[in-house]
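Enquirer: Have a peek at data34.cif (mmCIF, C-alpha atoms and all ligand atoms; chains and numbers go by the auth columns).
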data_run
#
loop_
_atom_site.group_PDB
_atom_site.id
_atom_site.type_symbol
_atom_site.label_atom_id
_atom_site.label_comp_id
_atom_site.label_asym_id
_atom_site.label_seq_id
_atom_site.Cartn_x
_atom_site.Cartn_y
_atom_site.Cartn_z
_atom_site.B_iso_or_equiv
_atom_site.auth_seq_id
_atom_site.auth_asym_id
ATOM 1 C CA MET A 1 16.718 -14.366 -49.650 0.00 1 A
ATOM 2 C CA PHE A 2 16.139 -17.583 -47.745 0.00 2 A
ATOM 3 C CA SER A 3 19.597 -17.489 -46.171 0.00 3 A
ATOM 4 C CA LEU A 4 19.096 -13.867 -45.209 0.00 4 A
ATOM 5 C CA LEU A 5 15.860 -14.769 -43.460 0.00 5 A
ATOM 6 C CA LEU A 6 17.561 -17.686 -41.804 0.00 6 A
ATOM 7 C CA THR A 7 20.446 -15.507 -40.590 0.00 7 A
ATOM 8 C CA LEU A 8 17.984 -12.919 -39.405 0.00 8 A
ATOM 9 C CA SER A 9 15.907 -15.451 -37.548 0.00 9 A
ATOM 10 C CA VAL A 10 19.014 -17.007 -35.953 0.00 10 A
ATOM 11 C CA PHE A 11 20.110 -13.555 -34.936 0.00 11 A
ATOM 12 C CA MET A 12 16.676 -12.729 -33.540 0.00 12 A
ATOM 13 C CA THR A 13 16.558 -15.993 -31.609 0.00 13 A
ATOM 14 C CA SER A 14 19.916 -15.395 -29.980 0.00 14 A
ATOM 15 C CA PHE A 15 18.922 -11.805 -29.278 0.00 15 A
ATOM 16 C CA ASN A 16 15.729 -13.030 -27.605 0.00 16 A
ATOM 17 C CA ASP A 17 17.635 -15.618 -25.583 0.00 17 A
ATOM 18 C CA GLN A 18 19.962 -12.894 -24.453 0.00 18 A
ATOM 19 C CA MET A 19 17.029 -10.757 -23.349 0.00 19 A
ATOM 20 C CA ILE A 20 15.552 -13.663 -21.432 0.00 20 A
ATOM 21 C CA ALA A 21 18.930 -14.508 -19.864 0.00 21 A
ATOM 22 C CA GLN A 22 19.333 -10.879 -18.901 0.00 22 A
ATOM 23 C CA SER A 23 15.890 -10.608 -17.377 0.00 23 A
ATOM 24 C CA LYS A 24 16.510 -13.844 -15.479 0.00 24 A
ATOM 25 C CA LYS A 25 19.736 -12.457 -14.104 0.00 25 A
ATOM 26 C CA SER A 26 18.197 -9.297 -12.692 0.00 26 A
ATOM 27 C CA PRO A 27 14.420 -9.351 -12.304 0.00 27 A
ATOM 28 C CA PRO A 28 12.934 -5.885 -12.159 0.00 28 A
ATOM 29 C CA THR A 29 12.661 -4.247 -8.779 0.00 29 A
ATOM 30 C CA GLN A 30 10.519 -1.391 -10.063 0.00 30 A
ATOM 31 C CA ILE A 31 7.632 -1.396 -12.555 0.00 31 A
ATOM 32 C CA THR A 32 5.993 1.760 -13.878 0.00 32 A
ATOM 33 C CA ASN A 33 2.917 2.419 -16.025 0.00 33 A
ATOM 34 C CA PRO A 34 3.368 4.532 -19.225 0.00 34 A
ATOM 35 C CA ASP A 35 2.390 7.882 -17.683 0.00 35 A
ATOM 36 C CA LYS A 36 4.341 7.095 -14.480 0.00 36 A
ATOM 37 C CA THR A 37 1.330 7.648 -12.207 0.00 37 A
ATOM 38 C CA ILE A 38 1.686 4.157 -10.726 0.00 38 A
ATOM 39 C CA VAL A 39 5.001 2.706 -9.553 0.00 39 A
ATOM 40 C CA LEU A 40 5.481 -0.770 -8.065 0.00 40 A
ATOM 41 C CA THR A 41 8.633 -1.214 -5.951 0.00 41 A
ATOM 42 C CA LYS A 42 9.952 -4.503 -4.592 0.00 42 A
ATOM 43 C CA LEU A 43 10.421 -4.424 -0.799 0.00 43 A
ATOM 44 C CA ASP A 44 10.910 -8.120 -0.072 0.00 44 A
ATOM 45 C CA ASP A 45 10.683 -11.427 -1.861 0.00 45 A
ATOM 46 C CA LYS A 46 6.889 -11.394 -1.990 0.00 46 A
ATOM 47 C CA VAL A 47 6.042 -7.872 -0.888 0.00 47 A
ATOM 48 C CA TRP A 48 5.891 -4.790 -3.102 0.00 48 A
ATOM 49 C CA ALA A 49 4.774 -1.220 -2.510 0.00 49 A
ATOM 50 C CA HIS A 50 2.326 0.336 -4.952 0.00 50 A
ATOM 51 C CA THR A 51 2.701 4.084 -5.179 0.00 51 A
ATOM 52 C CA SER A 52 0.172 6.194 -7.046 0.00 52 A
ATOM 53 C CA TYR A 53 0.513 9.864 -7.882 0.00 53 A
ATOM 54 C CA ASN A 54 -2.498 12.136 -7.784 0.00 54 A
ATOM 55 C CA ASP A 55 -3.062 15.863 -8.296 0.00 55 A
ATOM 56 C CA TRP A 56 -4.722 17.485 -5.334 0.00 56 A
ATOM 57 C CA ASN A 57 -5.215 21.260 -5.090 0.00 57 A
ATOM 58 C CA GLY A 58 -2.701 21.779 -7.908 0.00 58 A
ATOM 59 C CA THR A 59 0.097 19.730 -6.337 0.00 59 A
ATOM 60 C CA THR A 60 1.038 16.132 -7.113 0.00 60 A
ATOM 61 C CA TYR A 61 1.113 13.859 -4.078 0.00 61 A
ATOM 62 C CA ASP A 62 2.106 10.228 -3.730 0.00 62 A
ATOM 63 C CA HIS A 63 0.355 7.511 -1.786 0.00 63 A
ATOM 64 C CA ASN A 64 1.691 4.058 -0.894 0.00 64 A
ATOM 65 C CA GLY A 65 -0.150 0.791 -0.541 0.00 65 A
ATOM 66 C CA LEU A 66 1.113 -2.797 -0.496 0.00 66 A
ATOM 67 C CA ILE A 67 0.987 -5.810 -2.779 0.00 67 A
ATOM 68 C CA VAL A 68 1.494 -9.104 -0.935 0.00 68 A
ATOM 69 C CA ALA A 69 1.967 -12.203 -3.100 0.00 69 A
ATOM 70 C CA THR A 70 0.750 -15.395 -1.418 0.00 70 A
ATOM 71 C CA SER A 71 0.347 -18.985 -2.633 0.00 71 A
ATOM 72 C CA LYS A 72 -3.411 -18.307 -2.861 0.00 72 A
ATOM 73 C CA GLY A 73 -3.252 -15.033 -4.798 0.00 73 A
ATOM 74 C CA ILE A 74 -2.467 -11.374 -4.216 0.00 74 A
ATOM 75 C CA VAL A 75 -3.508 -9.339 -1.180 0.00 75 A
ATOM 76 C CA LEU A 76 -3.777 -5.608 -1.772 0.00 76 A
ATOM 77 C CA ILE A 77 -3.477 -3.063 1.020 0.00 77 A
ATOM 78 C CA ASP A 78 -5.317 0.127 -0.020 0.00 78 A
ATOM 79 C CA THR A 79 -6.431 1.076 -3.541 0.00 79 A
ATOM 80 C CA ALA A 80 -4.578 3.410 -5.875 0.00 80 A
ATOM 81 C CA TRP A 81 -5.275 7.092 -5.250 0.00 81 A
ATOM 82 C CA GLY A 82 -7.426 8.656 -7.972 0.00 82 A
ATOM 83 C CA ASN A 83 -10.385 7.536 -10.059 0.00 83 A
ATOM 84 C CA ASP A 84 -11.488 3.925 -10.552 0.00 84 A
ATOM 85 C CA GLN A 85 -9.470 3.658 -13.784 0.00 85 A
ATOM 86 C CA LYS A 86 -6.306 4.174 -11.752 0.00 86 A
ATOM 87 C CA THR A 87 -7.038 1.120 -9.601 0.00 87 A
ATOM 88 C CA GLU A 88 -8.132 -0.820 -12.705 0.00 88 A
ATOM 89 C CA GLU A 89 -4.722 -0.025 -14.165 0.00 89 A
ATOM 90 C CA LEU A 90 -3.044 -1.132 -10.932 0.00 90 A
ATOM 91 C CA LEU A 91 -4.941 -4.448 -11.116 0.00 91 A
ATOM 92 C CA LYS A 92 -3.784 -4.908 -14.737 0.00 92 A
ATOM 93 C CA MET A 93 -0.153 -4.257 -13.773 0.00 93 A
ATOM 94 C CA ILE A 94 -0.440 -6.785 -10.938 0.00 94 A
ATOM 95 C CA LYS A 95 -1.988 -9.418 -13.226 0.00 95 A
ATOM 96 C CA LYS A 96 0.685 -8.897 -15.869 0.00 96 A
ATOM 97 C CA HIS A 97 3.647 -8.954 -13.526 0.00 97 A
ATOM 98 C CA PHE A 98 2.611 -11.377 -10.781 0.00 98 A
ATOM 99 C CA LYS A 99 0.434 -13.647 -12.987 0.00 99 A
ATOM 100 C CA LYS A 100 -1.977 -13.965 -10.070 0.00 100 A
ATOM 101 C CA LYS A 101 -5.368 -12.540 -9.211 0.00 101 A
ATOM 102 C CA VAL A 102 -6.046 -10.155 -6.356 0.00 102 A
ATOM 103 C CA VAL A 103 -8.155 -12.207 -3.922 0.00 103 A
ATOM 104 C CA LEU A 104 -8.375 -9.868 -0.945 0.00 104 A
ATOM 105 C CA ALA A 105 -7.990 -6.145 -0.216 0.00 105 A
ATOM 106 C CA LEU A 106 -7.800 -4.289 3.093 0.00 106 A
ATOM 107 C CA ILE A 107 -8.695 -0.601 3.379 0.00 107 A
ATOM 108 C CA THR A 108 -6.710 1.174 6.121 0.00 108 A
ATOM 109 C CA HIS A 109 -8.981 4.250 6.474 0.00 109 A
ATOM 110 C CA ALA A 110 -11.883 5.836 4.613 0.00 110 A
ATOM 111 C CA HIS A 111 -10.001 8.795 3.083 0.00 111 A
ATOM 112 C CA ASP A 112 -9.700 9.092 -0.734 0.00 112 A
ATOM 113 C CA ASP A 113 -6.067 8.013 -0.876 0.00 113 A
ATOM 114 C CA SER A 114 -6.857 4.601 0.661 0.00 114 A
ATOM 115 C CA ILE A 115 -10.335 3.854 -0.681 0.00 115 A
ATOM 116 C CA SER A 116 -10.967 5.827 -3.894 0.00 116 A
ATOM 117 C CA GLY A 117 -10.565 2.772 -6.153 0.00 117 A
ATOM 118 C CA ILE A 118 -12.884 0.479 -4.165 0.00 118 A
ATOM 119 C CA ARG A 119 -15.483 0.256 -6.955 0.00 119 A
ATOM 120 C CA ALA A 120 -12.836 -1.149 -9.315 0.00 120 A
ATOM 121 C CA LEU A 121 -12.063 -3.862 -6.739 0.00 121 A
ATOM 122 C CA LEU A 122 -15.703 -4.717 -6.067 0.00 122 A
ATOM 123 C CA ASN A 123 -16.448 -4.811 -9.833 0.00 123 A
ATOM 124 C CA GLN A 124 -13.909 -7.629 -10.133 0.00 124 A
ATOM 125 C CA GLY A 125 -15.464 -9.539 -7.254 0.00 125 A
ATOM 126 C CA ILE A 126 -12.539 -8.924 -4.893 0.00 126 A
ATOM 127 C CA ASP A 127 -13.212 -9.433 -1.173 0.00 127 A
ATOM 128 C CA VAL A 128 -12.628 -5.944 0.312 0.00 128 A
ATOM 129 C CA ARG A 129 -12.444 -5.689 4.109 0.00 129 A
ATOM 130 C CA SER A 130 -12.137 -2.949 6.722 0.00 130 A
ATOM 131 C CA THR A 131 -13.140 -2.228 10.296 0.00 131 A
ATOM 132 C CA LEU A 132 -16.714 -1.337 11.157 0.00 132 A
ATOM 133 C CA LEU A 133 -15.803 2.339 11.615 0.00 133 A
ATOM 134 C CA THR A 134 -14.076 2.595 8.216 0.00 134 A
ATOM 135 C CA ALA A 135 -17.073 0.894 6.582 0.00 135 A
ATOM 136 C CA LYS A 136 -19.427 3.402 8.230 0.00 136 A
ATOM 137 C CA LEU A 137 -17.285 6.405 7.214 0.00 137 A
ATOM 138 C CA ALA A 138 -16.913 5.034 3.671 0.00 138 A
ATOM 139 C CA LYS A 139 -20.684 5.192 3.264 0.00 139 A
ATOM 140 C CA GLU A 140 -20.745 8.728 4.702 0.00 140 A
ATOM 141 C CA TYR A 141 -18.099 9.795 2.166 0.00 141 A
ATOM 142 C CA GLY A 142 -20.112 8.295 -0.721 0.00 142 A
ATOM 143 C CA TYR A 143 -18.191 5.050 -1.252 0.00 143 A
ATOM 144 C CA PRO A 144 -19.533 1.508 -1.247 0.00 144 A
ATOM 145 C CA SER A 145 -18.895 -0.179 2.074 0.00 145 A
ATOM 146 C CA PRO A 146 -16.093 -2.735 2.496 0.00 146 A
ATOM 147 C CA SER A 147 -17.038 -5.873 4.499 0.00 147 A
ATOM 148 C CA PRO A 148 -16.666 -4.745 8.129 0.00 148 A
ATOM 149 C CA THR A 149 -14.890 -7.873 9.408 0.00 149 A
ATOM 150 C CA LEU A 150 -11.494 -6.707 10.694 0.00 150 A
ATOM 151 C CA ASP A 151 -12.612 -5.904 14.277 0.00 151 A
ATOM 152 C CA VAL A 152 -13.812 -9.476 14.777 0.00 152 A
ATOM 153 C CA LYS A 153 -11.198 -11.149 12.585 0.00 153 A
ATOM 154 C CA PRO A 154 -8.032 -9.009 12.481 0.00 154 A
ATOM 155 C CA VAL A 155 -5.635 -11.880 11.692 0.00 155 A
ATOM 156 C CA ILE A 156 -6.075 -13.368 8.247 0.00 156 A
ATOM 157 C CA LYS A 157 -4.198 -16.268 6.708 0.00 157 A
ATOM 158 C CA VAL A 158 -4.038 -16.341 2.918 0.00 158 A
ATOM 159 C CA GLY A 159 -2.166 -19.442 1.787 0.00 159 A
ATOM 160 C CA ASN A 160 0.786 -19.479 4.166 0.00 160 A
ATOM 161 C CA THR A 161 0.919 -15.709 4.573 0.00 161 A
ATOM 162 C CA VAL A 162 -0.290 -14.097 7.785 0.00 162 A
ATOM 163 C CA ILE A 163 -1.705 -10.574 7.689 0.00 163 A
ATOM 164 C CA GLU A 164 -2.721 -8.726 10.838 0.00 164 A
ATOM 165 C CA ALA A 165 -4.859 -5.604 10.978 0.00 165 A
ATOM 166 C CA PHE A 166 -4.583 -3.493 14.141 0.00 166 A
ATOM 167 C CA TYR A 167 -6.602 -0.526 15.304 0.00 167 A
ATOM 168 C CA PRO A 168 -4.276 1.457 17.594 0.00 168 A
ATOM 169 C CA GLY A 169 -6.757 4.245 18.392 0.00 169 A
ATOM 170 C CA GLU A 170 -7.353 7.635 16.818 0.00 170 A
ATOM 171 C CA GLY A 171 -4.570 9.614 15.155 0.00 171 A
ATOM 172 C CA HIS A 172 -4.458 10.840 11.567 0.00 172 A
ATOM 173 C CA SER A 173 -8.143 9.864 11.451 0.00 173 A
ATOM 174 C CA SER A 174 -10.576 8.238 13.863 0.00 174 A
ATOM 175 C CA ASP A 175 -10.507 4.975 11.905 0.00 175 A
ATOM 176 C CA ASN A 176 -6.837 4.525 10.888 0.00 176 A
ATOM 177 C CA ILE A 177 -5.433 0.984 11.155 0.00 177 A
ATOM 178 C CA THR A 178 -2.000 -0.538 10.581 0.00 178 A
ATOM 179 C CA VAL A 179 -1.252 -3.810 8.797 0.00 179 A
ATOM 180 C CA TRP A 180 1.497 -6.154 10.048 0.00 180 A
ATOM 181 C CA LEU A 181 3.172 -8.897 8.037 0.00 181 A
ATOM 182 C CA PRO A 182 4.911 -11.030 10.721 0.00 182 A
ATOM 183 C CA GLN A 183 6.822 -13.183 8.203 0.00 183 A
ATOM 184 C CA TYR A 184 8.441 -10.056 6.743 0.00 184 A
ATOM 185 C CA ASN A 185 8.645 -7.929 9.929 0.00 185 A
ATOM 186 C CA LEU A 186 6.955 -5.283 7.852 0.00 186 A
ATOM 187 C CA LEU A 187 4.454 -2.761 9.139 0.00 187 A
ATOM 188 C CA PHE A 188 2.195 -0.793 6.839 0.00 188 A
ATOM 189 C CA GLY A 189 1.545 2.373 8.825 0.00 189 A
ATOM 190 C CA GLY A 190 -0.613 4.103 6.228 0.00 190 A
ATOM 191 C CA CYS A 191 -1.393 7.781 6.794 0.00 191 A
ATOM 192 C CA PHE A 192 -1.139 7.181 10.562 0.00 192 A
ATOM 193 C CA ILE A 193 2.680 7.062 10.219 0.00 193 A
ATOM 194 C CA LYS A 194 4.771 9.847 8.656 0.00 194 A
ATOM 195 C CA SER A 195 7.869 9.442 6.489 0.00 195 A
ATOM 196 C CA LEU A 196 11.216 10.801 7.710 0.00 196 A
ATOM 197 C CA ASP A 197 11.074 13.655 5.181 0.00 197 A
ATOM 198 C CA ALA A 198 7.647 14.775 6.467 0.00 198 A
ATOM 199 C CA LYS A 199 8.068 18.108 8.236 0.00 199 A
ATOM 200 C CA ASP A 200 4.565 18.210 9.716 0.00 200 A
ATOM 201 C CA LEU A 201 1.547 15.992 10.365 0.00 201 A
ATOM 202 C CA GLY A 202 -0.100 16.791 7.016 0.00 202 A
ATOM 203 C CA ASN A 203 -3.877 16.797 6.572 0.00 203 A
ATOM 204 C CA LEU A 204 -5.405 17.172 10.050 0.00 204 A
ATOM 205 C CA SER A 205 -9.046 17.635 9.004 0.00 205 A
ATOM 206 C CA ASP A 206 -10.115 14.400 10.736 0.00 206 A
ATOM 207 C CA ALA A 207 -7.152 14.012 13.094 0.00 207 A
ATOM 208 C CA ASN A 208 -7.051 13.563 16.849 0.00 208 A
ATOM 209 C CA VAL A 209 -3.587 14.910 17.683 0.00 209 A
ATOM 210 C CA GLU A 210 -4.080 14.525 21.468 0.00 210 A
ATOM 211 C CA GLN A 211 -4.533 10.774 21.137 0.00 211 A
ATOM 212 C CA TRP A 212 -2.180 10.220 18.228 0.00 212 A
ATOM 213 C CA ASP A 213 1.062 9.689 20.174 0.00 213 A
ATOM 214 C CA GLU A 214 -0.564 7.202 22.572 0.00 214 A
ATOM 215 C CA SER A 215 -1.805 5.313 19.521 0.00 215 A
ATOM 216 C CA VAL A 216 1.684 5.238 17.933 0.00 216 A
ATOM 217 C CA LYS A 217 3.169 4.019 21.244 0.00 217 A
ATOM 218 C CA LYS A 218 0.740 1.094 21.178 0.00 218 A
ATOM 219 C CA VAL A 219 2.066 0.117 17.746 0.00 219 A
ATOM 220 C CA ILE A 220 5.695 0.398 18.967 0.00 220 A
ATOM 221 C CA GLU A 221 4.909 -1.867 21.929 0.00 221 A
ATOM 222 C CA LYS A 222 2.971 -4.368 19.851 0.00 222 A
ATOM 223 C CA TYR A 223 5.594 -4.822 17.147 0.00 223 A
ATOM 224 C CA PRO A 224 9.089 -4.720 18.742 0.00 224 A
ATOM 225 C CA ASP A 225 10.533 -6.790 15.864 0.00 225 A
ATOM 226 C CA VAL A 226 9.553 -4.349 13.127 0.00 226 A
ATOM 227 C CA LYS A 227 12.206 -3.961 10.414 0.00 227 A
ATOM 228 C CA THR A 228 10.399 -2.066 7.670 0.00 228 A
ATOM 229 C CA VAL A 229 7.769 0.641 8.076 0.00 229 A
ATOM 230 C CA VAL A 230 5.786 1.827 5.058 0.00 230 A
ATOM 231 C CA PRO A 231 4.040 5.176 5.546 0.00 231 A
ATOM 232 C CA GLY A 232 1.013 6.364 3.547 0.00 232 A
ATOM 233 C CA HIS A 233 3.056 9.101 1.895 0.00 233 A
ATOM 234 C CA GLY A 234 6.791 9.417 1.181 0.00 234 A
ATOM 235 C CA ASN A 235 9.654 6.981 1.649 0.00 235 A
ATOM 236 C CA TRP A 236 9.592 3.841 3.719 0.00 236 A
ATOM 237 C CA GLY A 237 12.320 2.983 6.207 0.00 237 A
ATOM 238 C CA ASP A 238 12.895 1.326 9.592 0.00 238 A
ATOM 239 C CA GLU A 239 11.237 1.803 12.988 0.00 239 A
ATOM 240 C CA SER A 240 12.593 5.383 13.187 0.00 240 A
ATOM 241 C CA LEU A 241 9.483 6.454 11.222 0.00 241 A
ATOM 242 C CA LEU A 242 7.403 5.578 14.304 0.00 242 A
ATOM 243 C CA PHE A 243 9.563 7.792 16.545 0.00 243 A
ATOM 244 C CA HIS A 244 9.638 10.543 13.926 0.00 244 A
ATOM 245 C CA THR A 245 5.818 10.542 13.922 0.00 245 A
ATOM 246 C CA ILE A 246 5.835 10.990 17.717 0.00 246 A
ATOM 247 C CA ASP A 247 8.352 13.863 17.333 0.00 247 A
ATOM 248 C CA LEU A 248 6.068 15.590 14.816 0.00 248 A
ATOM 249 C CA ILE A 249 3.093 15.201 17.176 0.00 249 A
ATOM 250 C CA LYS A 250 5.129 16.726 20.062 0.00 250 A
ATOM 251 C CA GLN A 251 6.298 19.547 17.805 0.00 251 A
ATOM 252 C CA HIS A 252 2.722 20.268 16.705 0.00 252 A
ATOM 253 C CA THR A 253 1.440 20.284 20.304 0.00 253 A
ATOM 254 C CA HIS A 254 4.343 22.485 21.389 0.00 254 A
ATOM 255 C CA ASN A 255 3.747 25.010 18.598 0.00 255 A
ATOM 256 C CA LYS A 256 0.071 25.197 19.513 0.00 256 A
ATOM 257 C CA SER A 257 0.574 25.843 23.216 0.00 257 A
HETATM 258 ZN ZN ZN B . -6.177 10.156 5.428 0.00 1 B
HETATM 259 ZN ZN ZN B . -3.051 10.140 3.355 0.00 2 B
#
Would it be possible to restate this file's structure as structure tokens?
Ligand SMILES: [Zn+2]
Ligand SMILES: [Zn+2]

Expert:
Amino acid sequence: MFSLLLTLSVFMTSFNDQMIAQSKKSPPTQITNPDKTIVLTKLDDKVWAHTSYNDWNGTTYDHNGLIVATSKGIVLIDTAWGNDQKTEELLKMIKKHFKKKVVLALITHAHDDSISGIRALLNQGIDVRSTLLTAKLAKEYGYPSPSPTLDVKPVIKVGNTVIEAFYPGEGHSSDNITVWLPQYNLLFGGCFIKSLDAKDLGNLSDANVEQWDESVKKVIEKYPDVKTVVPGHGNWGDESLLFHTIDLIKQHTHNKS
């Protein structure tokens, strides 16, 4: 009996070592929660996308945000889309995988898909920031207000990581901002930028289509070194997403006239 246990435990140990060796060889590039409503995808060494799936009018839609790992903790761009539990679950996944706390969150506009989990962030004492306009709209839409600091202080340094918020003007909404990570040449476009598979401009209830292309052009001029663009919905890619968004705006204007 003893020898059997010994053999078993030796076997288990080597099995465990193998698992550890294997996981060391190829760290995961995608992490999913049990019901697959939240997916984390590695984009760069320290930057991941968080994608949450939410039912809206009977259809399931995705929404992307970012997770930026810094030496001083995690920076979150946008909450998960859904109820507060969804963002609580996102925070748990981040804690488990990154072994770091979320210290700062930026909200890129006051629509549900960017802000709906804000209470979960505030409950954990996380510093949540936005522009003044997003903070004002958040209150109008029944959410607690983020700290309206991004107009005055758009460039934030967390540890050695630089994060820049930019308000390009109206587009998808009056308050949409982009977030630039200069060390990764990565632009989070949010709902202001469309994915290449988007066939139209999507939800236009608060949009300003006349100004939208001027606003996108400002982003193109400001960030000529952009390598990766993450849109609010759909797949990320390179700078062609910016030009695709302009094409969709032209197409929309053309169809209307
Ligand atoms: Zn929106
Ligand atoms: Zn959206």

Enquirer: When the PyMOL selection byres (((chain A and resi 27-40) around 9) and not hetatm) is applied to the structure above, which residues does it catch, written out as a count of residues only?

Expert: 25

Enquirer: Using only C-alpha atoms and all ligand atoms, determine which residues fall within 9 Å of ligand ZN 1 (chain B), then list them as a PyMOL selection string.

Expert: chain A and resi 109-114+172-173+176+190-192+203-207+232

Enquirer: Taking only C-alpha atoms and all ligand atoms into account, which of A:Asn57, A:Thr108, A:Thr253, A:Thr87 comes nearest ligand ZN 2 (chain B)?

Expert: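 Closest to ligand ZN 2 (chain B), using only C-alpha atoms and all ligand atoms: A:Thr108.
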
Enquirer: Which of these residues is nearest to ligand ZN 2 (chain B), using only C-alpha atoms and all ligand atoms: A:Leu201, A:Ala138, A:Val102, A:Leu76?

Expert: A:Leu201

Enquirer: Applied to the shown file, which residues does the PyMOL selection byres (((chain A and resi 150) around 7) and not hetatm) return, written as a PyMOL selection string?

Expert: chain A and resi 129-131+148-149+151-154+165

Enquirer: When the PyMOL selection byres (((chain A and resi 209) around 8) and not hetatm) is applied to the file above, which residues end up in the set, as number ranges by chain?

Expert: A: 171-172, 207-208, 210-213, 249, 253
